[in-house]
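Asks: Next up, run.txt (compact mmCIF, C-alpha atoms).
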# COMPACT_ATOMS: atom_id res chain seq x y z
CA MET M 20 -9.61 -10.79 -20.31
CA ASP M 21 -10.54 -13.78 -18.12
CA ILE M 22 -10.06 -12.87 -14.46
CA ALA M 23 -10.13 -15.29 -11.54
CA VAL M 24 -10.76 -13.71 -8.13
CA LEU M 25 -9.80 -16.04 -5.29
CA ALA M 26 -12.19 -16.26 -2.34
CA TYR M 27 -10.78 -18.15 0.63
CA ASP M 28 -11.70 -18.60 4.30
CA GLY M 29 -10.95 -15.40 6.18
CA VAL M 30 -10.88 -13.17 3.11
CA PHE M 31 -11.44 -9.45 3.72
CA ASP M 32 -15.08 -8.84 2.83
CA SER M 33 -14.74 -5.27 1.54
CA GLY M 34 -11.69 -6.17 -0.53
CA LEU M 35 -13.43 -9.06 -2.26
CA ALA M 36 -16.61 -7.03 -2.81
CA ALA M 37 -14.74 -3.97 -4.09
CA LEU M 38 -12.92 -6.02 -6.72
CA LEU M 39 -16.10 -7.73 -7.91
CA ASP M 40 -18.17 -4.52 -7.87
CA VAL M 41 -15.64 -2.44 -9.83
CA LEU M 42 -15.08 -5.16 -12.43
CA ASP M 43 -18.84 -5.71 -12.77
CA GLY M 44 -19.29 -1.95 -13.10
CA ALA M 45 -16.76 -1.88 -15.91
CA ASN M 46 -18.75 -4.49 -17.82
CA ALA M 47 -21.97 -2.56 -17.24
CA LEU M 48 -20.49 0.75 -18.45
CA ARG M 49 -18.45 -0.43 -21.42
CA GLU M 50 -21.33 0.03 -23.86
CA GLU M 51 -21.34 3.76 -23.10
CA LEU M 52 -18.04 4.11 -24.98
CA PRO M 53 -18.02 4.77 -28.75
CA GLU M 54 -15.67 1.79 -29.20
CA PRO M 55 -16.40 -0.60 -26.30
CA PRO M 56 -13.52 -2.85 -25.24
CA PRO M 57 -14.21 -6.59 -24.89
CA ALA M 58 -16.14 -7.59 -21.77
CA LEU M 59 -14.24 -8.90 -18.75
CA THR M 60 -15.04 -12.47 -17.72
CA VAL M 61 -14.82 -12.56 -13.93
CA THR M 62 -14.99 -15.83 -11.98
CA THR M 63 -14.92 -16.14 -8.20
CA ILE M 64 -12.89 -19.26 -7.46
CA GLY M 65 -12.26 -21.15 -4.23
CA PHE M 66 -10.87 -24.31 -2.74
CA ARG M 67 -14.37 -25.30 -1.64
CA ARG M 68 -17.80 -24.67 -3.14
CA ARG M 69 -18.59 -22.34 -0.26
CA ILE M 70 -16.12 -20.31 1.79
CA ARG M 71 -16.60 -18.15 4.88
CA THR M 72 -15.28 -14.59 4.79
CA GLY M 73 -13.55 -12.80 7.63
CA ALA M 74 -16.89 -11.28 8.69
CA GLY M 75 -18.60 -14.67 8.59
CA HIS M 76 -20.48 -14.39 5.31
CA LEU M 77 -20.75 -17.36 2.95
CA VAL M 78 -19.61 -17.01 -0.66
CA GLU M 79 -20.29 -19.52 -3.42
CA THR M 80 -17.27 -20.24 -5.61
CA THR M 81 -16.18 -22.05 -8.76
CA PRO M 82 -13.52 -24.78 -8.34
CA VAL M 83 -10.04 -23.34 -8.15
CA GLY M 84 -8.95 -25.32 -11.21
CA ALA M 85 -10.45 -22.50 -13.30
CA ALA M 86 -7.31 -20.53 -12.49
CA GLU M 87 -5.41 -22.68 -14.97
CA ARG M 88 -7.31 -21.03 -17.84
CA THR M 89 -7.34 -17.47 -16.58
CA ASP M 90 -5.48 -14.40 -17.85
CA LEU M 91 -5.14 -12.91 -14.36
CA LEU M 92 -5.37 -14.25 -10.82
CA VAL M 93 -6.45 -11.74 -8.16
CA VAL M 94 -5.91 -12.52 -4.47
CA PRO M 95 -7.88 -10.21 -2.15
CA ALA M 96 -6.61 -9.36 1.32
CA LEU M 97 -6.88 -11.48 4.42
CA ALA M 98 -9.06 -10.00 7.18
CA GLU M 99 -6.24 -9.74 9.72
CA ARG M 100 -4.87 -6.43 11.06
CA ARG M 101 -2.35 -7.72 13.63
CA PRO M 102 1.09 -8.06 12.01
CA ASP M 103 2.23 -11.08 14.08
CA ALA M 104 -1.03 -12.96 13.49
CA LEU M 105 -0.95 -12.04 9.80
CA ILE M 106 2.55 -13.43 9.30
CA ALA M 107 1.71 -16.56 11.29
CA HIS M 108 -1.33 -17.18 9.09
CA VAL M 109 0.25 -16.57 5.66
CA SER M 110 3.21 -18.78 6.55
CA GLY M 111 1.11 -21.49 8.19
CA ARG M 112 -0.66 -24.64 7.07
CA ASP M 113 -4.05 -23.03 6.44
CA ALA M 114 -2.60 -20.70 3.80
CA ALA M 115 -0.54 -23.40 2.06
CA PRO M 116 -3.14 -23.99 -0.72
CA VAL M 117 -3.16 -20.26 -1.53
CA ARG M 118 0.65 -20.14 -1.64
CA ARG M 119 0.77 -23.16 -3.97
CA LEU M 120 -1.88 -21.70 -6.26
CA VAL M 121 -0.06 -18.36 -6.50
CA ALA M 122 3.30 -20.02 -7.20
CA ALA M 123 1.83 -22.37 -9.82
CA THR M 124 0.03 -19.48 -11.52
CA ARG M 125 3.26 -17.52 -11.90
CA GLU M 126 5.07 -20.64 -13.14
CA ARG M 127 2.63 -20.56 -16.06
CA ARG M 128 3.57 -16.86 -16.50
CA THR M 129 0.01 -15.81 -15.71
CA PRO M 130 -0.14 -12.36 -14.08
CA VAL M 131 -1.10 -12.16 -10.40
CA ALA M 132 -2.46 -9.22 -8.41
CA SER M 133 -3.22 -8.52 -4.77
CA ALA M 134 -3.74 -5.71 -2.27
CA CYS M 135 -3.17 -4.86 1.39
CA THR M 136 -2.50 -7.97 3.53
CA GLY M 137 -2.87 -10.15 0.43
CA THR M 138 0.57 -8.99 -0.67
CA PHE M 139 1.98 -11.00 2.25
CA LEU M 140 0.50 -14.15 0.67
CA LEU M 141 2.23 -13.29 -2.60
CA ALA M 142 5.54 -12.63 -0.87
CA GLU M 143 5.28 -15.82 1.19
CA SER M 144 4.81 -17.80 -2.02
CA GLY M 145 8.12 -16.40 -3.29
CA ILE M 146 6.82 -14.69 -6.41
CA LEU M 147 7.82 -11.20 -5.24
CA ASP M 148 11.50 -12.02 -4.70
CA GLY M 149 13.62 -9.62 -6.72
CA ARG M 150 10.60 -7.49 -7.63
CA ARG M 151 9.21 -4.11 -6.57
CA ALA M 152 5.96 -4.17 -4.63
CA THR M 153 3.78 -2.11 -2.35
CA THR M 154 1.56 -2.92 0.61
CA SER M 155 -0.39 -1.04 3.27
CA TRP M 156 1.91 1.69 4.57
CA TRP M 157 1.48 0.67 8.23
CA LEU M 158 2.45 -2.95 7.46
CA ALA M 159 5.53 -2.03 5.41
CA PRO M 160 8.07 -2.31 8.28
CA TYR M 161 6.90 -5.86 9.04
CA PHE M 162 6.81 -6.75 5.33
CA ARG M 163 10.33 -5.41 4.81
CA LYS M 164 11.76 -7.43 7.71
CA ARG M 165 9.98 -10.63 6.68
CA TYR M 166 10.77 -10.40 2.95
CA PRO M 167 14.18 -8.70 2.46
CA ALA M 168 14.38 -9.95 -1.15
CA VAL M 169 11.44 -7.70 -2.10
CA THR M 170 11.92 -4.00 -2.83
CA VAL M 171 9.06 -2.30 -1.00
CA ASP M 172 7.72 1.14 -1.89
CA GLU M 173 4.86 1.71 0.52
CA SER M 174 4.30 5.24 -0.76
CA ARG M 175 2.75 3.88 -3.97
CA MET M 176 -0.92 2.97 -4.17
CA VAL M 177 -0.42 0.48 -7.03
CA ALA M 178 2.83 -1.04 -8.30
CA THR M 179 3.35 -3.43 -11.23
CA CYS M 180 6.57 -5.32 -11.77
CA GLU M 181 7.20 -8.28 -14.09
CA GLY M 182 3.68 -9.63 -14.17
CA VAL M 183 2.78 -8.98 -10.54
CA THR M 184 0.58 -6.05 -9.47
CA THR M 185 0.26 -5.05 -5.83
CA ALA M 186 -1.78 -2.34 -4.12
CA GLY M 187 -1.67 -0.77 -0.69
CA ALA M 188 -4.30 -0.24 1.99
CA ALA M 189 -7.55 -2.05 2.60
CA PHE M 190 -9.55 0.12 0.21
CA GLY M 191 -6.67 0.00 -2.23
CA HIS M 192 -8.69 -2.89 -3.70
CA VAL M 193 -10.66 -0.22 -5.57
CA ASP M 194 -7.43 1.21 -6.97
CA LEU M 195 -6.29 -2.31 -7.86
CA ALA M 196 -9.55 -3.09 -9.67
CA LEU M 197 -9.35 0.18 -11.62
CA ALA M 198 -5.75 -0.66 -12.56
CA ILE M 199 -6.98 -4.02 -13.89
CA VAL M 200 -9.69 -2.30 -15.94
CA ARG M 201 -7.07 0.14 -17.20
CA MET M 202 -5.07 -2.80 -18.59
CA SER M 203 -7.98 -3.38 -20.96
CA SER M 204 -9.13 0.20 -21.52
CA PRO M 205 -7.83 3.39 -19.86
CA VAL M 206 -10.91 5.25 -21.08
CA LEU M 207 -13.22 2.71 -19.45
CA ALA M 208 -11.25 2.89 -16.19
CA ASP M 209 -11.68 6.67 -16.13
CA LEU M 210 -15.41 6.28 -16.79
CA VAL M 211 -15.83 3.77 -13.96
CA ALA M 212 -13.89 6.03 -11.59
CA ARG M 213 -16.23 8.91 -12.43
CA TYR M 214 -19.34 6.86 -11.73
CA LEU M 215 -17.86 5.62 -8.45
CA VAL M 216 -16.64 9.13 -7.58
CA VAL M 217 -13.14 7.80 -6.94
CA ASP M 218 -10.21 10.18 -7.30
CA GLU M 219 -6.89 8.95 -8.62
CA ARG M 220 -4.61 8.15 -5.68
CA PRO M 221 -1.13 7.39 -6.98
CA SER M 222 0.45 7.59 -3.53
CA GLN M 223 -0.22 6.55 0.07
CA ALA M 224 2.22 9.16 1.37
CA ALA M 225 -0.50 11.64 2.29
CA TYR M 226 -2.04 9.05 4.64
CA THR M 227 1.14 7.77 6.29
CA ILE M 228 1.57 8.29 10.03
CA SER M 229 5.32 8.23 10.64
CA ALA M 230 4.93 7.63 14.37
CA ALA M 231 2.99 4.43 13.69
CA LEU M 232 5.78 3.13 11.47
CA ALA M 233 8.42 3.96 14.06
CA GLN M 234 6.79 1.91 16.82
CA SER M 235 7.90 -1.36 15.25
CA ASP M 236 11.53 -0.73 16.34
CA PRO M 237 12.63 0.66 19.76
CA THR M 238 15.63 2.56 18.38
CA LEU M 239 13.55 4.10 15.61
CA ALA M 240 10.78 5.01 18.06
CA ALA M 241 13.26 6.83 20.29
CA PHE M 242 14.79 8.64 17.33
CA GLU M 243 11.33 9.66 16.13
CA ARG M 244 10.54 11.25 19.50
CA TRP M 245 13.89 13.09 19.57
CA ALA M 246 13.52 14.31 15.98
CA ARG M 247 10.02 15.67 16.59
CA ASP M 248 11.41 17.80 19.43
CA HIS M 249 13.96 19.31 17.04
CA LEU M 250 12.01 19.67 13.77
CA ASP M 251 12.32 23.46 13.78
CA GLN M 252 16.12 23.22 13.94
CA PRO M 253 18.88 21.88 11.68
CA ILE M 254 19.02 18.20 12.64
CA SER M 255 22.31 16.35 12.89
CA ILE M 256 22.02 12.59 12.67
CA ALA M 257 25.19 12.30 14.76
CA ASP M 258 23.54 14.39 17.51
CA GLY M 259 20.46 12.20 17.32
CA ALA M 260 22.47 9.00 17.68
CA ARG M 261 24.37 10.52 20.60
CA ALA M 262 21.12 11.50 22.33
CA LEU M 263 19.88 7.92 21.98
CA GLY M 264 23.16 6.42 23.23
CA VAL M 265 23.77 4.44 20.03
CA SER M 266 26.28 4.71 17.23
CA GLU M 267 25.39 6.58 14.08
CA ARG M 268 25.80 3.32 12.17
CA THR M 269 23.32 1.53 14.47
CA LEU M 270 20.78 4.29 13.89
CA GLN M 271 21.30 4.15 10.14
CA ARG M 272 20.75 0.39 10.16
CA ALA M 273 17.61 0.58 12.30
CA VAL M 274 15.97 3.11 10.02
CA ARG M 275 17.02 1.32 6.83
CA ARG M 276 15.91 -2.09 8.13
CA THR M 277 12.49 -0.86 9.23
CA LEU M 278 11.60 1.87 6.75
CA GLY M 279 13.88 1.28 3.77
CA THR M 280 15.16 4.84 3.96
CA SER M 281 17.83 6.87 5.75
CA PRO M 282 17.50 8.87 9.00
CA VAL M 283 17.62 12.02 6.86
CA GLY M 284 14.74 10.70 4.76
CA PHE M 285 12.74 9.81 7.86
CA VAL M 286 13.23 13.32 9.30
CA ARG M 287 12.08 14.76 5.97
CA ASP M 288 8.90 12.66 6.18
CA LEU M 289 8.26 13.86 9.74
CA ARG M 290 8.59 17.44 8.53
CA VAL M 291 6.15 16.83 5.69
CA GLU M 292 3.69 15.19 8.10
CA ARG M 293 3.80 18.13 10.52
CA ALA M 294 3.61 20.72 7.75
CA SER M 295 0.57 18.94 6.27
CA HIS M 296 -1.10 18.93 9.67
CA LEU M 297 -0.45 22.65 10.19
CA LEU M 298 -1.80 23.45 6.74
CA ARG M 299 -5.03 21.57 7.47
CA THR M 300 -5.56 22.86 11.00
CA THR M 301 -4.20 26.44 11.11
CA ASP M 302 -4.21 29.65 9.09
CA LEU M 303 -0.45 30.11 9.44
CA PRO M 304 1.28 31.36 6.27
CA LEU M 305 3.36 28.78 4.46
CA GLU M 306 6.50 30.80 5.27
CA VAL M 307 5.82 30.43 9.00
CA ILE M 308 5.02 26.72 8.68
CA ALA M 309 8.25 26.18 6.73
CA ARG M 310 10.29 27.66 9.58
CA LYS M 311 8.40 25.57 12.13
CA VAL M 312 9.47 22.40 10.35
CA GLY M 313 13.06 23.41 9.75
CA TYR M 314 13.07 25.02 6.30
CA GLU M 315 14.27 28.55 5.71
CA HIS M 316 12.40 29.00 2.43
CA ALA M 317 8.73 28.25 1.83
CA ASN M 318 9.42 27.13 -1.73
CA THR M 319 11.59 24.25 -0.44
CA LEU M 320 8.64 23.01 1.59
CA ARG M 321 6.22 23.60 -1.29
CA ILE M 322 8.27 21.37 -3.62
CA LEU M 323 8.70 18.69 -0.94
CA LEU M 324 4.97 18.57 -0.19
CA ARG M 325 4.21 18.03 -3.87
CA GLU M 326 6.84 15.29 -4.17
CA ARG M 327 5.82 13.40 -1.04
CA THR M 328 2.03 13.81 -0.97
CA GLY M 329 1.21 14.40 -4.62
CA GLU M 330 -0.70 17.54 -3.59
CA THR M 331 0.01 21.25 -3.49
CA ALA M 332 0.11 23.25 -0.27
CA SER M 333 -3.14 24.93 -1.32
CA ALA M 334 -4.88 21.57 -1.81
CA LEU M 335 -3.76 20.36 1.61
CA ARG M 336 -4.97 23.58 3.19
CA GLY M 337 -8.34 23.15 1.47
CA ARG M 338 -8.84 19.88 3.32
Turn this file's structure into structure tokens for me.
Replies:
Amino acid sequence: MDIAVLAYDGVFDSGLAALLDVLDGANALREELPEPPPALTVTTIGFRRRIRTGAGHLVETTPVGAAERTDLLVVPALAERRPDALIAHVSGRDAAPVRRLVAATRERRTPVASACTGTFLLAESGILDGRRATTSWWLAPYFRKRYPAVTVDESRMVATCEGVTTAGAAFGHVDLALAIVRMSSPVLADLVARYLVVDERPSQAAYTISAALAQSDPTLAAFERWARDHLDQPISIADGARALGVSERTLQRAVRRTLGTSPVGFVRDLRVERASHLLRTTDLPLEVIARKVGYEHANTLRILLRERTGETASALRGR
């Protein structure tokens, strides 16, 4: 597999380094397998011979034309954490060469991959329209509003859909790189993960802070505060809308527009978040925690924790 990793001005240093380090590690470890897969050819490409990263480091690159002969184009994240500034950059003039490169690469049916804020570059180029994708969980509300044609699942760590692979979170670049290695050899990917001491992380749900997501919309933020005060009770969405002074339909729309879920689903996530916190910070029995977050039976909470976090109640408590 020939892989082109794009380095551009402002690129997230750790994201670029993680991709290169994991792919280089895969090449170094492949000979340890009884039947080694072919080596990966990794080229760092750029629009200039030397680019400056987000932290100010200089990186030497190969001309971007090499992307025309590659089997996979990887676009690391942009070093920008502020949603408004991120959207302004990816849609602006400075990012136009990246957008054109991504679009042209997909026109040739060459696979493309990215992680974290880099997924905004992919979406801005139009290649994610009609596809499923993921991004950093805390950026998902802004992504969803900006790109309504994309189906966002921010709970996933890595998502692949019709030739485009996306990953969430800044250090999701490691997960993305392992997913790329897995395309060539699942056994090699597992070996690299062992050497790096990286656990499989299929979901971001365990890291999501619901309150942070809610702050992007005033109605949702108010509903989040009201719901937290009533988590130990049966929650009526109609009562919540009434307490906020909005219609139930307005509340439904605000939650769907921002989070891609329903008010009921959001309340469920708040309950999982609080239950996870209580498991990590108290010795309360699961039965007591279940009642504190509005569930009569501990088994209901046990199943929900596994579905939403990918971990058992015992594992969460062990943390």
Asks: With all atoms listed in the file as the basis for distance, which of M:Glu315, M:Asp209, M:Glu243, M:Glu267 is at the shortest distance from M:Arg49?
Replies: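 Closest to M:Arg49, using all atoms listed in the file: M:Asp209.
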Asks: Find the residues around M:Gly279 up to 9 Å (all atoms listed in the file counted), leave out those fewer than 2 positions away in its own chain, and share them as a PDB file with C-alpha atoms, in the coordinates of the input.
Replies:
ATOM      1  CA  PRO M 160       8.070  -2.310   8.280  1.00  0.00           C
ATOM      2  CA  ARG M 163      10.330  -5.410   4.810  1.00  0.00           C
ATOM      3  CA  THR M 170      11.920  -4.000  -2.830  1.00  0.00           C
ATOM      4  CA  VAL M 171       9.060  -2.300  -1.000  1.00  0.00           C
ATOM      5  CA  ASP M 172       7.720   1.140  -1.890  1.00  0.00           C
ATOM      6  CA  VAL M 274      15.970   3.110  10.020  1.00  0.00           C
ATOM      7  CA  ARG M 275      17.020   1.320   6.830  1.00  0.00           C
ATOM      8  CA  ARG M 276      15.910  -2.090   8.130  1.00  0.00           C
ATOM      9  CA  THR M 277      12.490  -0.860   9.230  1.00  0.00           C
ATOM     10  CA  SER M 281      17.830   6.870   5.750  1.00  0.00           C
TER      11      SER M 281
END
Asks: Take atom CA of M:Ala123 and atom CA of M:Gly137 and report the distance between them in Å, one decimal.
Replies: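 It comes out at 16.6 Å.
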Asks: So which residues touch stretch 288-303 of chain M within 12 Å, counting all atoms listed in the file, skipping near sequence neighbours fewer than 6 positions away, as a ChimeraX atom specification?
Replies: /M:174,224-233,242-254,278,280-282,309-314,317,319-338
Asks: Taking a cut-off of 6 Å and counting all atoms listed in the file, can you build a table that, for each residue of stretch 122-169 of chain M near stretch 93-109 of chain M, reports the nearest atom pair and how far apart they are in Å (one decimal), sorted by chain then residue number, as JSON lines?
Replies:
{"residue": "M:Val131", "atom": "CA", "partner": "M:Val93", "partner_atom": "CA", "distance": 5.8}
{"residue": "M:Ala132", "atom": "CA", "partner": "M:Val93", "partner_atom": "CA", "distance": 4.7}
{"residue": "M:Ser133", "atom": "CA", "partner": "M:Val94", "partner_atom": "CA", "distance": 4.8}
{"residue": "M:Ala134", "atom": "CA", "partner": "M:Ala96", "partner_atom": "CA", "distance": 5.9}
{"residue": "M:Cys135", "atom": "CA", "partner": "M:Ala96", "partner_atom": "CA", "distance": 5.7}
{"residue": "M:Thr136", "atom": "CA", "partner": "M:Ala96", "partner_atom": "CA", "distance": 4.9}
{"residue": "M:Gly137", "atom": "CA", "partner": "M:Ala96", "partner_atom": "CA", "distance": 3.9}
{"residue": "M:Leu140", "atom": "CA", "partner": "M:Val109", "partner_atom": "CA", "distance": 5.6}
Asks: Could you name the residues that touch M:Thr238 at 8 Å or less, counting all atoms listed in the file, but leaving out those on the same chain fewer than 2 positions away, as a list of chain:residue names?
Replies: M:Asp236, M:Ala240, M:Ala241, M:Phe242, M:Leu263, M:Leu270, M:Ala273
Asks: For M:Glu143, which residue out of M:Trp156, M:Leu120, M:Pro130, M:Tyr166 is the nearest one, using all atoms listed in the file?
Replies: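 Closest to M:Glu143, using all atoms listed in the file: M:Tyr166.
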Asks: Can you work out which one of M:Ala260, M:Ile64, M:Leu207, M:Leu42 has the shortest atom-to-atom distance to M:His192, counting all atoms listed in the file?
Replies: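 Nearest candidate to M:His192 out of M:Ala260, M:Ile64, M:Leu207, M:Leu42: M:Leu42.
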Asks: Could you list, as a PyMOL selection string, every residue within 6 Å of stretch 65-70 of chain M, counting all atoms listed in the file and ignoring same-chain residues fewer than 3 positions away?
Replies: chain M and resi 25-28+77-80+82-83
Asks: Could you please determine the separation between atom CA of M:Gly73 and atom CA of M:Ser235 in Å, to one decimal place?
Replies: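 These two atoms are separated by 25.5 Å.
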Asks: Can you measure atom CA of M:Ala159 to atom CA of M:Gln223 for me? One decimal in Å is fine.
Replies: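 Separation of atom CA of M:Ala159 and atom CA of M:Gln223: 11.6 Å.
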Asks: I'd like to know which of M:Val117, M:Asp21, M:Val169, M:Leu59 is closest to M:Val41, using only C-alpha atoms.
Replies: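 Ranking M:Val117, M:Asp21, M:Val169, M:Leu59 by distance to M:Val41, first place goes to M:Leu59.
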Asks: Skip M:Arg88 itself and residues of its chain fewer than 3 positions away, then list as a list of chain:residue names all residues within 9 Å of it, counting all atoms listed in the file.
Replies: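 Listing them by chain and then by number gives M:Asp21, M:Ala23, M:Gly84, M:Ala85.
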Asks: Between M:Gly149, M:Leu92, M:Pro53, M:Gly191, which residue has the minimum interatomic distance to M:Val121, considering only C-alpha atoms?
Replies: M:Leu92
Asks: Taking only C-alpha atoms into account, name the residue in M:Val211, M:Ser33, M:Leu48, M:Val24 that is nearest to M:Phe190.
Replies: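 For M:Phe190, the nearest of the given residues is M:Ser33.
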Asks: Would you mind putting N, CA, C and O atoms back on stretch 116-132 of chain M and writing the result as a short mmCIF file (atom, residue, chain, number, x, y, z; two decimals), keeping the file's coordinate frame?
Replies:
data_model
loop_
_atom_site.label_atom_id
_atom_site.label_comp_id
_atom_site.auth_asym_id
_atom_site.auth_seq_id
_atom_site.Cartn_x
_atom_site.Cartn_y
_atom_site.Cartn_z
N PRO M 116 -2.52 -23.87 0.61
CA PRO M 116 -3.14 -23.99 -0.72
C PRO M 116 -3.08 -22.68 -1.52
O PRO M 116 -2.88 -22.71 -2.74
N VAL M 117 -3.24 -21.55 -0.83
CA VAL M 117 -3.16 -20.26 -1.53
C VAL M 117 -1.74 -20.04 -2.05
O VAL M 117 -1.55 -19.63 -3.20
N ARG M 118 -0.75 -20.33 -1.22
CA ARG M 118 0.65 -20.14 -1.64
C ARG M 118 0.96 -21.01 -2.86
O ARG M 118 1.62 -20.56 -3.80
N ARG M 119 0.50 -22.26 -2.84
CA ARG M 119 0.77 -23.16 -3.97
C ARG M 119 0.08 -22.66 -5.23
O ARG M 119 0.67 -22.71 -6.33
N LEU M 120 -1.14 -22.20 -5.10
CA LEU M 120 -1.88 -21.70 -6.26
C LEU M 120 -1.17 -20.49 -6.87
O LEU M 120 -1.00 -20.40 -8.09
N VAL M 121 -0.74 -19.56 -6.02
CA VAL M 121 -0.06 -18.36 -6.50
C VAL M 121 1.24 -18.73 -7.21
O VAL M 121 1.53 -18.23 -8.30
N ALA M 122 2.02 -19.62 -6.60
CA ALA M 122 3.30 -20.02 -7.20
C ALA M 122 3.08 -20.73 -8.54
O ALA M 122 3.78 -20.47 -9.52
N ALA M 123 2.10 -21.63 -8.58
CA ALA M 123 1.83 -22.37 -9.82
C ALA M 123 1.33 -21.43 -10.91
O ALA M 123 1.67 -21.61 -12.10
N THR M 124 0.55 -20.44 -10.54
CA THR M 124 0.03 -19.48 -11.52
C THR M 124 1.16 -18.70 -12.16
O THR M 124 1.19 -18.49 -13.38
N ARG M 125 2.12 -18.27 -11.35
CA ARG M 125 3.26 -17.52 -11.90
C ARG M 125 4.19 -18.43 -12.71
O ARG M 125 4.83 -17.98 -13.67
N GLU M 126 4.26 -19.71 -12.35
CA GLU M 126 5.07 -20.64 -13.14
C GLU M 126 4.54 -20.75 -14.56
O GLU M 126 5.30 -20.98 -15.50
N ARG M 127 3.23 -20.56 -14.72
CA ARG M 127 2.63 -20.56 -16.06
C ARG M 127 2.74 -19.19 -16.72
O ARG M 127 2.21 -18.97 -17.81
N ARG M 128 3.39 -18.25 -16.03
CA ARG M 128 3.57 -16.86 -16.50
C ARG M 128 2.25 -16.09 -16.57
O ARG M 128 2.12 -15.13 -17.32
N THR M 129 1.27 -16.54 -15.81
CA THR M 129 0.01 -15.81 -15.71
C THR M 129 0.17 -14.69 -14.70
O THR M 129 0.68 -14.92 -13.60
N PRO M 130 -0.25 -13.48 -15.02
CA PRO M 130 -0.14 -12.36 -14.08
C PRO M 130 -0.95 -12.61 -12.81
O PRO M 130 -1.97 -13.29 -12.82
N VAL M 131 -0.45 -12.04 -11.71
CA VAL M 131 -1.10 -12.16 -10.40
C VAL M 131 -1.21 -10.76 -9.80
O VAL M 131 -0.33 -9.92 -10.00
N ALA M 132 -2.28 -10.52 -9.05
CA ALA M 132 -2.46 -9.22 -8.41
C ALA M 132 -3.02 -9.40 -7.01
O ALA M 132 -3.75 -10.36 -6.74
#
